[in-house]
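A short write-up of the structure that comes next.
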Amino acid sequence: MRRSTTALLALTTLVLTGCGPTADDIQAMVSGPAETYDDAVALREAVVDAGVECPATDQLSAPDDPQTTFLDCGNGLMGMAVAGSEESMEGFVNTLGDRGRVPFLHGGNWVILSSDESRLQQLQGELGGEVSATP
């Protein structure tokens, strides 16, 4: 207990003086970097393993980039995509940013959309990544 208190005080001092990591850096250290996935089915398996329901298993490939895959959970609550390239990933995030207030969780090479931001925060704790929502 004494070590953890000392470490916490040291970390707090570093943050307050501006020499330490930001809150986002600390969150990334705690949850680790977000995983990458081969396709939307593999991402769906991680979502289900995290305790979130996603009944559908059929994925679609992007016509111009077969490595980019999409999956709608079929319950009207969540959808996901796995990018086949960095350009595709940037396209996902930019497109979602232009759509209005759509909360999404993204990390590595994947994006999960859900109107329920608390579900995304739950998944963030399990999968890593960052929850974003444009105003």
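Residue numbering restarts at 1 in every chain; chains get A, B, ... in the order shown in the structure tokens, and ligands count up from 1 in that same order.
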
- Task: With a distance cut-off of 12 Å and only C-alpha atoms, select the neighbouring residues of Asp38 of chain A, excluding the residue or stretch itself and same-chain residues fewer than 2 positions from it, and output the selection as a list in words.
- Result: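 Result of the neighbour search: Glu35, Thr36, Ala40, Val41, Ala42, Leu43, Arg44, Glu45, Ala46, Pro66, Gln67, Thr68, Thr69, Phe70, Ala81, Val82, Ala83, Gly84, Ser85, Gly108, Asn109 and Trp110 of chain A.
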
Next, dump the selected residues to file, keeping only C-alpha atoms, as a short mmCIF file (atom, residue, chain, number, x, y, z; two decimals), in the first residue's frame.
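Saved result, selection02.cif, follows:
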data_model
loop_
_atom_site.label_atom_id
_atom_site.label_comp_id
_atom_site.auth_asym_id
_atom_site.auth_seq_id
_atom_site.Cartn_x
_atom_site.Cartn_y
_atom_site.Cartn_z
CA GLU A 35 -5.81 -4.21 -30.42
CA THR A 36 -6.13 -4.55 -34.16
CA ALA A 40 -15.31 -7.26 -38.50
CA VAL A 41 -16.17 -10.82 -37.40
CA ALA A 42 -13.04 -10.92 -35.21
CA LEU A 43 -13.98 -7.52 -33.74
CA ARG A 44 -17.51 -8.80 -33.12
CA GLU A 45 -16.08 -11.77 -31.19
CA ALA A 46 -14.13 -9.37 -28.95
CA PRO A 66 -11.92 -6.04 -49.75
CA GLN A 67 -9.73 -5.86 -46.62
CA THR A 68 -12.14 -3.28 -45.15
CA THR A 69 -15.11 -5.06 -43.58
CA PHE A 70 -18.38 -3.97 -41.97
CA ALA A 81 -15.96 -1.72 -39.20
CA VAL A 82 -12.36 -2.86 -39.54
CA ALA A 83 -10.17 -0.85 -41.89
CA GLY A 84 -7.92 -2.52 -44.40
CA SER A 85 -5.52 0.44 -44.50
CA GLY A 108 -6.07 0.38 -33.89
CA ASN A 109 -7.76 -0.35 -37.19
CA TRP A 110 -11.39 -0.47 -36.06
#

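Picture a line from atom CA of Val102 of chain A to atom CA of Ser88 of chain A; it runs 18.4 Å.
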
Can you tell me, as an mmCIF file with C-alpha atoms, in the first residue's frame, what residues are no more than 7 Å from segment 116-118 of chain A when counting only C-alpha atoms, ignoring any on the same chain fewer than 3 positions away?
data_model
loop_
_atom_site.group_PDB
_atom_site.id
_atom_site.type_symbol
_atom_site.label_atom_id
_atom_site.label_comp_id
_atom_site.auth_asym_id
_atom_site.auth_seq_id
_atom_site.Cartn_x
_atom_site.Cartn_y
_atom_site.Cartn_z
ATOM 1 C CA PRO A 103 -20.744 8.460 -30.610
ATOM 2 C CA GLN A 121 -17.434 3.227 -22.548
ATOM 3 C CA GLN A 122 -17.921 -0.354 -21.336
#

- Message: As an exercise, work out the distance from atom CA of Gly125 of chain A to atom CA of Ala62 of chain A in Å and give it to one decimal place.
- Response: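 Interatomic distance, atom CA of Gly125 of chain A to atom CA of Ala62 of chain A: 28.7 Å.
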
- Query: With only C-alpha atoms as the basis for distance, which of A:Leu77, A:Ser115, A:Leu123, A:Ala133 is at the shortest distance from Gly51 of chain A?
  - Reply: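 Among the listed residues, the smallest separation from Gly51 of chain A belongs to A:Leu123.
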
- Message: Just to confirm, what's the straight-line distance from atom CA of Pro55 of chain A to atom CA of Glu86 of chain A in Å (one decimal)?
- Response: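 Straight-line distance from atom CA of Pro55 of chain A to atom CA of Glu86 of chain A works out to 28.2 Å.
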
- Task: Check the DSSP output for the backbone and give back, as a ChimeraX atom specification, the residues of segment 26-79 of chain A in alpha helix (DSSP H).
- Result: /A:26-31,40-49

- Message: Under the rule that only C-alpha atoms are counted, which of A:Cys54, A:Met78, A:Leu71, A:Val131 is the nearest residue to Leu113 of chain A?
- Response: A:Met78

- Query: Which is closer to Phe104 of chain A than all the others in A:Ser132, A:Gln124, A:Arg119, A:Pro63, using only C-alpha atoms?
  - Reply: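 Selected residue with least distance to Phe104 of chain A: A:Ser132.
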